>>> print(open('upload.tsv').read())   # TSV, C-alpha atoms
chain	number	residue	atom	x	y	z
C	963	MET	CA	-27.73	26.30	-16.34
C	964	LEU	CA	-30.07	23.35	-16.36
C	965	LYS	CA	-28.70	19.92	-15.49
C	966	GLU	CA	-30.90	16.86	-15.65
C	967	THR	CA	-28.72	14.36	-13.76
C	968	THR	CA	-26.11	14.25	-11.03
C	969	LYS	CA	-23.32	11.72	-11.05
C	970	THR	CA	-23.61	9.38	-8.09
C	971	ARG	CA	-20.44	7.29	-8.37
C	972	VAL	CA	-16.86	8.05	-7.38
C	973	VAL	CA	-13.67	6.01	-7.23
C	974	GLY	CA	-11.71	5.40	-4.04
C	975	VAL	CA	-8.08	4.28	-4.38
C	976	ASP	CA	-5.85	3.02	-1.57
C	977	LEU	CA	-2.16	2.93	-2.52
C	978	ALA	CA	-0.65	0.87	0.30
C	979	TYR	CA	2.85	-0.52	0.70
C	980	LYS	CA	2.01	-4.01	-0.58
C	981	GLN	CA	-1.33	-3.70	-2.37
C	982	THR	CA	-3.14	-1.01	-4.35
C	983	THR	CA	-6.92	-1.37	-4.20
C	984	TYR	CA	-9.59	0.64	-6.04
C	985	ALA	CA	-13.37	0.65	-5.76
C	986	ILE	CA	-16.50	2.19	-7.24
C	987	VAL	CA	-18.50	3.79	-4.40
C	988	ASP	CA	-21.99	5.23	-4.58
C	989	VAL	CA	-23.34	8.38	-2.94
C	990	ARG	CA	-24.52	6.44	0.13
C	991	GLY	CA	-21.11	4.91	0.79
C	992	ASN	CA	-21.83	1.49	-0.66
C	993	ILE	CA	-18.86	-0.22	-2.30
C	994	VAL	CA	-20.30	-1.31	-5.64
C	995	ALA	CA	-17.22	-3.18	-6.89
C	996	LYS	CA	-13.50	-3.33	-6.15
C	997	ASP	CA	-10.26	-4.77	-7.50
C	998	GLY	CA	-6.54	-4.39	-6.96
C	999	PHE	CA	-2.98	-5.46	-7.69
C	1000	PRO	CA	0.41	-5.58	-5.92
C	1001	THR	CA	1.77	-2.03	-5.66
C	1002	PHE	CA	5.25	-2.85	-6.88
C	1003	ASP	CA	4.33	-5.08	-9.81
C	1004	HIS	CA	5.53	-2.00	-11.69
C	1005	ALA	CA	8.90	-0.52	-10.76
C	1006	ASN	CA	8.17	2.49	-13.00
C	1007	VAL	CA	5.48	4.86	-11.74
C	1008	ASN	CA	4.23	5.55	-15.30
C	1009	ASP	CA	3.52	1.83	-15.74
C	1010	PHE	CA	1.79	1.85	-12.35
C	1011	VAL	CA	-0.50	4.72	-13.38
C	1012	SER	CA	-1.30	3.00	-16.68
C	1013	HIS	CA	-2.25	-0.23	-14.91
C	1014	LEU	CA	-4.35	1.63	-12.34
C	1015	SER	CA	-6.21	3.78	-14.87
C	1016	GLU	CA	-6.97	0.79	-17.09
C	1017	GLY	CA	-8.26	-1.13	-14.07
C	1018	ILE	CA	-10.52	1.74	-13.02
C	1019	MET	CA	-11.98	2.10	-16.53
C	1020	THR	CA	-12.59	-1.64	-16.82
C	1021	LEU	CA	-14.26	-1.80	-13.39
C	1022	ALA	CA	-16.45	1.21	-14.17
C	1023	GLU	CA	-17.58	-0.14	-17.53
C	1024	SER	CA	-18.59	-3.45	-15.93
C	1025	THR	CA	-20.68	-1.73	-13.22
C	1026	CYS	CA	-21.99	1.81	-13.68
C	1027	GLY	CA	-20.55	3.02	-16.97
C	1028	TYR	CA	-17.42	5.17	-17.17
C	1029	GLU	CA	-19.37	8.30	-18.12
C	1030	ASN	CA	-21.18	8.14	-14.76
C	1031	LEU	CA	-18.03	8.56	-12.65
C	1032	ARG	CA	-17.73	11.94	-10.96
C	1033	SER	CA	-14.20	11.98	-9.52
C	1034	VAL	CA	-11.39	9.99	-7.89
C	1035	GLY	CA	-10.01	10.13	-4.35
C	1036	MET	CA	-6.66	8.56	-3.60
C	1037	SER	CA	-4.82	7.62	-0.41
C	1038	ALA	CA	-1.01	7.38	-0.54
C	1039	MET	CA	1.90	7.46	1.88
C	1040	ASN	CA	3.37	10.99	1.95
C	1041	GLY	CA	0.58	12.21	-0.31
C	1042	ASN	CA	0.11	16.00	-0.22
C	1043	PHE	CA	-3.47	17.19	-0.76
C	1044	LEU	CA	-2.35	20.74	-1.60
C	1045	THR	CA	0.01	19.69	-4.40
C	1046	GLY	CA	-1.49	16.36	-5.48
C	1047	CYS	CA	1.97	14.82	-5.21
C	1048	ILE	CA	3.64	12.01	-3.31
C	1049	GLU	CA	6.61	13.83	-1.84
C	1050	ASN	CA	9.81	12.02	-0.83
C	1051	SER	CA	8.18	8.97	0.72
C	1052	PRO	CA	10.72	6.93	2.73
C	1053	ASN	CA	8.48	3.84	2.47
C	1054	LEU	CA	7.81	3.80	-1.29
C	1055	LYS	CA	10.33	2.70	-3.93
C	1056	TRP	CA	9.54	5.66	-6.19
C	1057	GLY	CA	11.72	8.49	-4.98
C	1058	GLY	CA	11.37	12.25	-5.18
C	1059	GLN	CA	8.21	14.19	-5.98
C	1060	ILE	CA	5.59	12.33	-8.01
C	1061	PRO	CA	2.61	14.35	-9.40
C	1062	LEU	CA	0.34	11.35	-9.07
C	1063	ALA	CA	-3.00	13.20	-9.04
C	1064	ALA	CA	-2.14	15.04	-12.28
C	1065	MET	CA	-0.84	11.86	-13.91
C	1066	LEU	CA	-4.04	9.97	-13.11
C	1067	ARG	CA	-6.25	12.90	-14.12
C	1068	ASP	CA	-4.54	13.01	-17.52
C	1069	ARG	CA	-5.16	9.29	-18.06
C	1070	LEU	CA	-8.76	9.22	-16.82
C	1071	GLY	CA	-10.09	12.63	-17.79
C	1072	LEU	CA	-11.61	13.00	-14.32
C	1073	ALA	CA	-10.92	15.16	-11.27
C	1074	VAL	CA	-8.48	13.46	-8.90
C	1075	ALA	CA	-7.76	14.36	-5.27
C	1076	LEU	CA	-4.83	12.83	-3.39
C	1077	ALA	CA	-4.02	12.90	0.32
C	1078	ASN	CA	-1.85	10.97	2.72
C	1079	ASP	CA	-3.11	7.73	4.18
C	1080	ALA	CA	-3.67	9.11	7.68
C	1081	GLN	CA	-5.82	11.98	6.38
C	1082	VAL	CA	-7.89	9.60	4.28
C	1083	ARG	CA	-8.39	7.25	7.22
C	1084	ALA	CA	-9.49	10.19	9.34
C	1085	LEU	CA	-12.06	11.13	6.69
C	1086	GLY	CA	-13.31	7.54	6.73
C	1087	GLU	CA	-13.63	7.55	10.52
C	1088	HIS	CA	-15.32	10.95	10.54
C	1089	THR	CA	-17.82	10.00	7.84
C	1090	TYR	CA	-18.52	6.35	8.69
C	1091	GLY	CA	-16.69	5.33	11.87
C	1092	CYS	CA	-16.14	6.05	15.55
C	1093	ALA	CA	-15.28	9.73	14.94
C	1094	HIS	CA	-18.70	10.41	13.42
C	1095	GLY	CA	-20.03	13.57	15.08
C	1096	MET	CA	-16.65	14.59	16.55
C	1097	ARG	CA	-15.21	17.99	15.62
C	1098	ASP	CA	-11.79	17.78	17.29
C	1099	PHE	CA	-9.88	14.51	17.18
C	1100	ILE	CA	-6.57	12.99	16.16
C	1101	LEU	CA	-6.16	9.84	14.10
C	1102	VAL	CA	-2.82	8.03	14.37
C	1103	LEU	CA	-1.83	5.38	11.84
C	1104	LEU	CA	0.56	2.70	13.16
C	1105	SER	CA	1.73	0.59	10.23
C	1106	TYR	CA	4.88	0.39	8.08
C	1107	GLY	CA	5.23	4.04	9.00
C	1108	VAL	CA	3.59	6.27	11.61
C	1109	GLY	CA	1.40	9.15	10.49
C	1110	SER	CA	-1.50	11.16	11.83
C	1111	CYS	CA	-4.25	13.58	10.94
C	1112	THR	CA	-5.80	16.29	13.09
C	1113	PHE	CA	-9.46	17.22	12.72
C	1114	SER	CA	-9.93	20.73	14.11
C	1115	ASN	CA	-13.36	22.33	14.33
C	1116	GLY	CA	-14.74	19.69	11.98
C	1117	ARG	CA	-12.10	20.07	9.27
C	1118	VAL	CA	-8.81	18.41	8.37
C	1119	HIS	CA	-5.88	20.58	9.40
C	1120	LEU	CA	-3.33	20.51	6.56
C	1121	GLY	CA	-0.77	23.10	7.62
C	1122	ALA	CA	0.83	25.76	5.42
C	1123	ASN	CA	2.44	23.27	3.02
C	1124	GLY	CA	0.21	20.23	3.49
C	1125	PHE	CA	2.53	18.30	5.83
C	1126	SER	CA	0.66	18.63	9.11
C	1127	GLY	CA	0.50	15.45	11.19
C	1128	GLU	CA	3.93	13.89	10.59
C	1129	ILE	CA	4.14	12.59	14.15
C	1130	GLY	CA	6.21	9.62	12.99
C	1131	HIS	CA	9.11	11.94	12.23
C	1132	THR	CA	9.01	13.94	15.43
C	1133	HIS	CA	12.19	13.52	17.47
C	1134	LEU	CA	11.64	11.68	20.75
C	1135	LYS	CA	14.91	10.06	21.81
C	1136	PRO	CA	18.27	11.83	21.40
C	1137	GLY	CA	20.82	9.34	20.08
C	1138	GLY	CA	18.00	6.90	19.30
C	1139	ARG	CA	17.45	4.59	16.37
C	1140	PRO	CA	18.27	5.85	12.86
C	1141	CYS	CA	15.21	6.69	10.77
C	1142	ALA	CA	14.62	6.43	7.02
C	1143	CYS	CA	13.99	10.19	6.99
C	1144	GLY	CA	17.66	10.77	7.87
C	1145	LYS	CA	17.20	11.71	11.52
C	1146	GLU	CA	17.42	9.54	14.62
C	1147	GLY	CA	15.13	8.79	17.55
C	1148	CYS	CA	11.91	9.40	15.58
C	1149	VAL	CA	8.62	7.99	16.86
C	1150	GLU	CA	8.39	5.84	13.72
C	1151	THR	CA	11.56	3.94	14.64
C	1152	TYR	CA	9.80	2.62	17.76
C	1153	CYS	CA	6.07	2.45	16.94
C	1154	SER	CA	5.95	1.22	13.32
C	1155	THR	CA	6.14	-2.39	12.14
C	1156	LYS	CA	9.91	-2.06	11.80
C	1157	GLY	CA	10.13	-0.42	15.20
C	1158	VAL	CA	8.24	-3.21	16.96
C	1159	MET	CA	10.47	-5.81	15.33
C	1160	LEU	CA	13.62	-3.96	16.42
C	1161	THR	CA	12.29	-3.85	19.98
C	1162	ALA	CA	11.63	-7.59	19.87
C	1163	GLN	CA	15.18	-8.25	18.67
C	1164	GLU	CA	16.64	-6.07	21.42
C	1165	ILE	CA	14.62	-7.80	24.14
C	1166	LEU	CA	15.56	-11.28	22.92
C	1167	ALA	CA	19.24	-10.28	22.81
C	1168	GLU	CA	19.33	-8.83	26.32
C	1169	SER	CA	17.39	-11.63	28.06
C	1170	SER	CA	18.02	-15.35	28.46
C	1171	LYS	CA	14.36	-16.12	29.29
C	1172	SER	CA	12.52	-18.62	27.13
C	1173	SER	CA	10.11	-17.11	24.64
C	1174	LEU	CA	7.90	-18.29	21.81
C	1175	MET	CA	9.43	-15.50	19.74
C	1176	ARG	CA	12.83	-17.24	19.64
C	1177	ASP	CA	11.70	-20.15	17.49
C	1178	CYS	CA	9.16	-18.28	15.37
C	1179	GLU	CA	10.13	-18.48	11.71
C	1180	HIS	CA	7.91	-15.59	10.61
C	1181	LEU	CA	7.94	-13.22	13.57
C	1182	ASN	CA	5.82	-10.10	13.04
C	1183	PRO	CA	3.59	-7.81	15.15
C	1184	ARG	CA	0.61	-10.13	14.67
C	1185	THR	CA	2.45	-13.22	15.94
C	1186	ILE	CA	3.89	-11.21	18.82
C	1187	THR	CA	0.32	-10.33	19.81
C	1188	GLU	CA	-0.61	-14.02	19.67
C	1189	PHE	CA	2.31	-14.83	21.97
C	1190	CYS	CA	1.15	-12.10	24.37
C	1191	ASN	CA	-2.24	-13.79	24.53
C	1192	GLN	CA	-0.43	-17.01	25.50
C	1193	GLY	CA	1.32	-15.26	28.38
C	1194	ASP	CA	4.79	-14.89	26.85
C	1195	GLU	CA	6.60	-12.41	29.14
C	1196	LEU	CA	9.06	-11.15	26.55
C	1197	ALA	CA	6.35	-10.65	23.94
C	1198	ILE	CA	4.34	-8.65	26.48
C	1199	GLU	CA	7.47	-6.57	27.16
C	1200	VAL	CA	7.72	-5.72	23.45
C	1201	TYR	CA	4.36	-3.96	23.50
C	1202	ARG	CA	4.95	-2.48	26.95
C	1203	ARG	CA	8.02	-0.64	25.63
C	1204	THR	CA	6.24	0.29	22.40
C	1205	GLY	CA	3.28	1.65	24.36
C	1206	GLU	CA	5.53	3.64	26.65
C	1207	VAL	CA	7.04	5.50	23.68
C	1208	LEU	CA	3.68	5.88	21.93
C	1209	GLY	CA	1.98	7.20	25.06
C	1210	MET	CA	4.69	9.82	25.55
C	1211	ALA	CA	4.40	10.94	21.92
C	1212	LEU	CA	0.59	11.14	22.13
C	1213	ALA	CA	0.81	13.08	25.39
C	1214	ASN	CA	2.94	15.73	23.69
C	1215	TYR	CA	0.51	15.84	20.78
C	1216	ALA	CA	-2.60	16.12	22.96
C	1217	SER	CA	-1.04	18.77	25.19
C	1218	VAL	CA	-0.74	21.02	22.12
C	1219	ILE	CA	-3.98	20.09	20.28
C	1220	ASN	CA	-6.40	19.27	23.13
C	1221	PRO	CA	-8.49	16.73	21.17
C	1222	GLU	CA	-11.67	14.97	22.23
C	1223	ALA	CA	-10.24	11.62	21.23
C	1224	ILE	CA	-7.21	9.90	19.73
C	1225	ILE	CA	-8.09	7.06	17.36
C	1226	LEU	CA	-5.42	4.43	16.68
C	1227	THR	CA	-5.51	2.49	13.41
C	1228	GLY	CA	-3.18	0.22	11.47
C	1229	GLY	CA	-1.76	-3.22	12.10
C	1230	ILE	CA	0.12	-2.31	15.30
C	1231	SER	CA	-3.11	-1.07	16.92
C	1232	LYS	CA	-4.50	-4.62	16.69
C	1233	ALA	CA	-2.26	-5.62	19.61
C	1234	GLY	CA	-5.20	-4.54	21.77
C	1235	LYS	CA	-4.71	-4.27	25.51
C	1236	TRP	CA	-1.04	-5.24	25.29
C	1237	LEU	CA	-0.39	-1.94	23.53
C	1238	LEU	CA	-3.29	0.19	24.77
C	1239	GLU	CA	-2.75	-0.24	28.51
C	1240	PRO	CA	0.92	0.87	28.60
C	1241	THR	CA	0.11	3.59	26.04
C	1242	ASN	CA	-2.66	4.99	28.23
C	1243	GLU	CA	-0.50	4.75	31.38
C	1244	ALA	CA	2.32	6.74	29.76
C	1245	PHE	CA	-0.16	9.17	28.19
C	1246	GLU	CA	-1.79	10.07	31.51
C	1247	LYS	CA	1.63	10.38	33.14
C	1248	PHE	CA	3.06	12.85	30.62
C	1249	VAL	CA	0.06	14.80	29.29
C	1250	PHE	CA	-0.63	18.37	30.47
C	1251	HIS	CA	-2.62	18.14	33.72
C	1252	ASN	CA	-5.61	20.14	32.44
C	1253	VAL	CA	-6.06	17.55	29.65
C	1254	ARG	CA	-5.51	14.48	31.82
C	1255	ASP	CA	-8.49	12.06	31.98
C	1256	LYS	CA	-10.29	14.06	29.26
C	1257	VAL	CA	-8.99	12.45	26.07
C	1258	LYS	CA	-10.41	9.12	24.87
C	1259	ILE	CA	-7.81	6.76	23.41
C	1260	MET	CA	-9.60	4.28	21.18
C	1261	THR	CA	-9.06	1.95	18.24
C	1262	SER	CA	-10.97	1.95	14.98
C	1263	THR	CA	-13.86	-0.51	14.68
C	1264	LEU	CA	-14.03	-0.33	10.87
C	1265	VAL	CA	-12.45	-2.95	8.64
C	1266	ASP	CA	-9.15	-1.43	7.50
C	1267	LEU	CA	-9.53	-1.74	3.74
C	1268	GLU	CA	-13.22	-0.78	3.76
C	1269	ARG	CA	-12.49	2.36	5.82
C	1270	ASP	CA	-9.61	3.34	3.55
C	1271	LEU	CA	-11.66	2.98	0.39
C	1272	LEU	CA	-14.61	4.83	1.90
C	1273	GLY	CA	-12.28	7.56	3.17
C	1274	ALA	CA	-10.80	7.90	-0.32
C	1275	SER	CA	-14.31	8.12	-1.76
C	1276	ALA	CA	-15.17	10.87	0.76
C	1277	LEU	CA	-12.07	12.71	-0.47
C	1278	ALA	CA	-13.31	12.32	-4.05
C	1279	TRP	CA	-16.55	14.13	-3.23
C	1280	ARG	CA	-14.54	17.10	-1.90
C	1281	VAL	CA	-12.75	17.85	-5.16
C	1282	LYS	CA	-14.38	20.14	-7.73
C	1283	GLU	CA	-16.00	18.09	-10.49
C	1284	TYR	CA	-14.14	17.90	-13.77
C	1285	SER	CA	-14.67	15.55	-16.67
C	1286	LEU	CA	-13.95	15.25	-20.35
C	1287	PHE	CA	-17.24	13.36	-20.64
C	1288	LYS	CA	-19.79	15.95	-19.48
>>> encode(input="upload.tsv", output="structure tokens")
Amino acid sequence: MLKETTKTRVVGVDLAYKQTTYAIVDVRGNIVAKDGFPTFDHANVNDFVSHLSEGIMTLAESTCGYENLRSVGMSAMNGNFLTGCIENSPNLKWGGQIPLAAMLRDRLGLAVALANDAQVRALGEHTYGCAHGMRDFILVLLSYGVGSCTFSNGRVHLGANGFSGEIGHTHLKPGGRPCACGKEGCVETYCSTKGVMLTAQEILAESSKSSLMRDCEHLNPRTITEFCNQGDELAIEVYRRTGEVLGMALANYASVINPEAIILTGGISKAGKWLLEPTNEAFEKFVFHNVRDKVKIMTSTLVDLERDLLGASALAWRVKEYSLFK
């Protein structure tokens, strides 16, 4: 079969908790154009898919021409690459199992691949970021939820049913905080955005010390980091406790996987040394002794949104080409 041209554009989609962003990306990883909208402008997932597909078609026609798109890659919380579905996400308003890849394929007439946000971020880091050249590493996403992806021998490890890497819902503290998944004491209840805020509330309630956090109208992980930089003892304690739990969880993970590196991404990772130092201390304390001092704990250097869109575009190249416009 003779073929005169090869399509050199794909679409990367990042379905995040607050904002859904989509971009046209070329074969060299250049973001040609991008746009987006608030994720929950549409309470009905069918309306969401209609809005997204229309936006992608409009963006393509204004840049490269819709007929030149090869495929779509999509990042979503609790996305399952093997089924193409979002499955029972505790952090999205649409419940149950949503066949999002099939729904978008039917609207666009293009191949669509879907994976969870941690897997897509790992692809972005492996292709364009600090994991470039690594064959065995773990990426951990610390955001509204806590997820991870394991790269083993240069490939994403999915597990038998596509749910590998759910570190956020591993049980760490018996009788601990209740989790949206229905269990208690999960890593996510301590190391996610919600977890950090609960820790801050607990520390403020148990101490009478003055703190900038007490009078902060919009307290969040970012402002807590700012207060750490100003020397606020209670703010520093928030990330010390968070790091202690995170380091223990990562030590268990690394003792089983034996990675070259663990890459932390997401908003919580931006706490810098306030989180990293206690995390590393707990990690080295609890990790298997033959792995101790051999695993690099690092944070991503890529811009979050750019990495996520590029990771989604890398996912798009991995799906078999399909188009109604060949």
>>> atom_distance(input="upload.tsv", atom1="CA of Leu1264 in chain C", atom2="CA of Leu1277 in chain C")
17.4 Å
>>> residues_around(input="upload.tsv", residues="Leu1101 in chain C", least_positions_apart="5", cutoff="12 Å", atoms="only C-alpha atoms", output="PyMOL selection string")
chain C and resi 1079-1088+1091-1093+1096+1108-1114+1118-1119+1127-1129+1212+1215-1216+1221-1228+1231+1258-1262
>>> write_last_selection(input="upload.tsv", atoms="C-alpha atoms", output="JSON list (two decimals), keeping the file's coordinate frame")
[["chain", "number", "residue", "atom", "x", "y", "z"],
["C", 1079, "ASP", "CA", -3.11, 7.73, 4.18],
["C", 1080, "ALA", "CA", -3.67, 9.11, 7.68],
["C", 1081, "GLN", "CA", -5.82, 11.98, 6.38],
["C", 1082, "VAL", "CA", -7.89, 9.60, 4.28],
["C", 1083, "ARG", "CA", -8.39, 7.25, 7.22],
["C", 1084, "ALA", "CA", -9.49, 10.19, 9.34],
["C", 1085, "LEU", "CA", -12.06, 11.13, 6.69],
["C", 1086, "GLY", "CA", -13.31, 7.54, 6.73],
["C", 1087, "GLU", "CA", -13.63, 7.55, 10.52],
["C", 1088, "HIS", "CA", -15.32, 10.95, 10.54],
["C", 1091, "GLY", "CA", -16.69, 5.33, 11.87],
["C", 1092, "CYS", "CA", -16.14, 6.05, 15.55],
["C", 1093, "ALA", "CA", -15.28, 9.73, 14.94],
["C", 1096, "MET", "CA", -16.65, 14.59, 16.55],
["C", 1108, "VAL", "CA", 3.59, 6.27, 11.61],
["C", 1109, "GLY", "CA", 1.40, 9.15, 10.49],
["C", 1110, "SER", "CA", -1.50, 11.16, 11.83],
["C", 1111, "CYS", "CA", -4.25, 13.58, 10.94],
["C", 1112, "THR", "CA", -5.80, 16.29, 13.09],
["C", 1113, "PHE", "CA", -9.46, 17.22, 12.72],
["C", 1114, "SER", "CA", -9.93, 20.73, 14.11],
["C", 1118, "VAL", "CA", -8.81, 18.41, 8.37],
["C", 1119, "HIS", "CA", -5.88, 20.58, 9.40],
["C", 1127, "GLY", "CA", 0.50, 15.45, 11.19],
["C", 1128, "GLU", "CA", 3.93, 13.89, 10.59],
["C", 1129, "ILE", "CA", 4.14, 12.59, 14.15],
["C", 1212, "LEU", "CA", 0.59, 11.14, 22.13],
["C", 1215, "TYR", "CA", 0.51, 15.84, 20.78],
["C", 1216, "ALA", "CA", -2.60, 16.12, 22.96],
["C", 1221, "PRO", "CA", -8.49, 16.73, 21.17],
["C", 1222, "GLU", "CA", -11.67, 14.97, 22.23],
["C", 1223, "ALA", "CA", -10.24, 11.62, 21.23],
["C", 1224, "ILE", "CA", -7.21, 9.90, 19.73],
["C", 1225, "ILE", "CA", -8.09, 7.06, 17.36],
["C", 1226, "LEU", "CA", -5.42, 4.43, 16.68],
["C", 1227, "THR", "CA", -5.51, 2.49, 13.41],
["C", 1228, "GLY", "CA", -3.18, 0.22, 11.47],
["C", 1231, "SER", "CA", -3.11, -1.07, 16.92],
["C", 1258, "LYS", "CA", -10.41, 9.12, 24.87],
["C", 1259, "ILE", "CA", -7.81, 6.76, 23.41],
["C", 1260, "MET", "CA", -9.60, 4.28, 21.18],
["C", 1261, "THR", "CA", -9.06, 1.95, 18.24],
["C", 1262, "SER", "CA", -10.97, 1.95, 14.98]]
>>> residues_around(input="upload.tsv", residues="Val975 in chain C", least_positions_apart="5", cutoff="9 Å", atoms="only C-alpha atoms", output="ChimeraX atom specification")
/C:982-985,1034-1038,1270-1271,1274-1275
>>> atom_distance(input="upload.tsv", atom1="CA of Gly1130 in chain C", atom2="CA of Lys1232 in chain C")
18.2 Å
>>> residues_near_point(input="upload.tsv", point="(7.8, -5.9, 25.2)", cutoff="10 Å", atoms="all atoms listed in the file", output="list in words")
Val1158, Thr1161, Ala1162, Glu1164, Ile1165, Leu1166, Ile1186, Cys1190, Asp1194, Glu1195, Leu1196, Ala1197, Ile1198, Glu1199, Val1200, Tyr1201, Arg1202, Arg1203, Thr1204, Gly1205, Glu1206, Trp1236 and Leu1237 of chain C
>>> residues_around(input="upload.tsv", residues="Lys1145 in chain C", least_positions_apart="2", cutoff="12 Å", atoms="only C-alpha atoms", output="MDAnalysis selection string")
chainID C and resid 1052 1130:1143 1147:1151
>>> atom_distance(input="upload.tsv", atom1="CA of Thr1187 in chain C", atom2="CA of Gly1234 in chain C")
8.2 Å
>>> closest_residue(input="upload.tsv", among="C:Val1007, C:Val972, C:Ala1022, C:Met1159", to="Arg1280 in chain C", atoms="all atoms listed in the file")
C:Val972
>>> residues_around(input="upload.tsv", residues="Lys980 in chain C", least_positions_apart="2", cutoff="6 Å", atoms="all atoms listed in the file", output="short mmCIF file (atom, residue, chain, number, x, y, z; two decimals) with C-alpha atoms, in the frame of the given file")
data_model
loop_
_atom_site.label_atom_id
_atom_site.label_comp_id
_atom_site.auth_asym_id
_atom_site.auth_seq_id
_atom_site.Cartn_x
_atom_site.Cartn_y
_atom_site.Cartn_z
CA ALA C 978 -0.65 0.87 0.30
CA PRO C 1000 0.41 -5.58 -5.92
CA THR C 1001 1.77 -2.03 -5.66
#
>>> residues_around(input="upload.tsv", residues="Gly1124 in chain C", least_positions_apart="5", cutoff="7 Å", atoms="only C-alpha atoms", output="PyMOL selection string")
chain C and resi 1042-1044
>>> write_last_selection(input="upload.tsv", atoms="C-alpha atoms", output="tab-separated table (two decimals), in the frame of the given file")
chain	number	residue	atom	x	y	z
C	1042	ASN	CA	0.11	16.00	-0.22
C	1043	PHE	CA	-3.47	17.19	-0.76
C	1044	LEU	CA	-2.35	20.74	-1.60
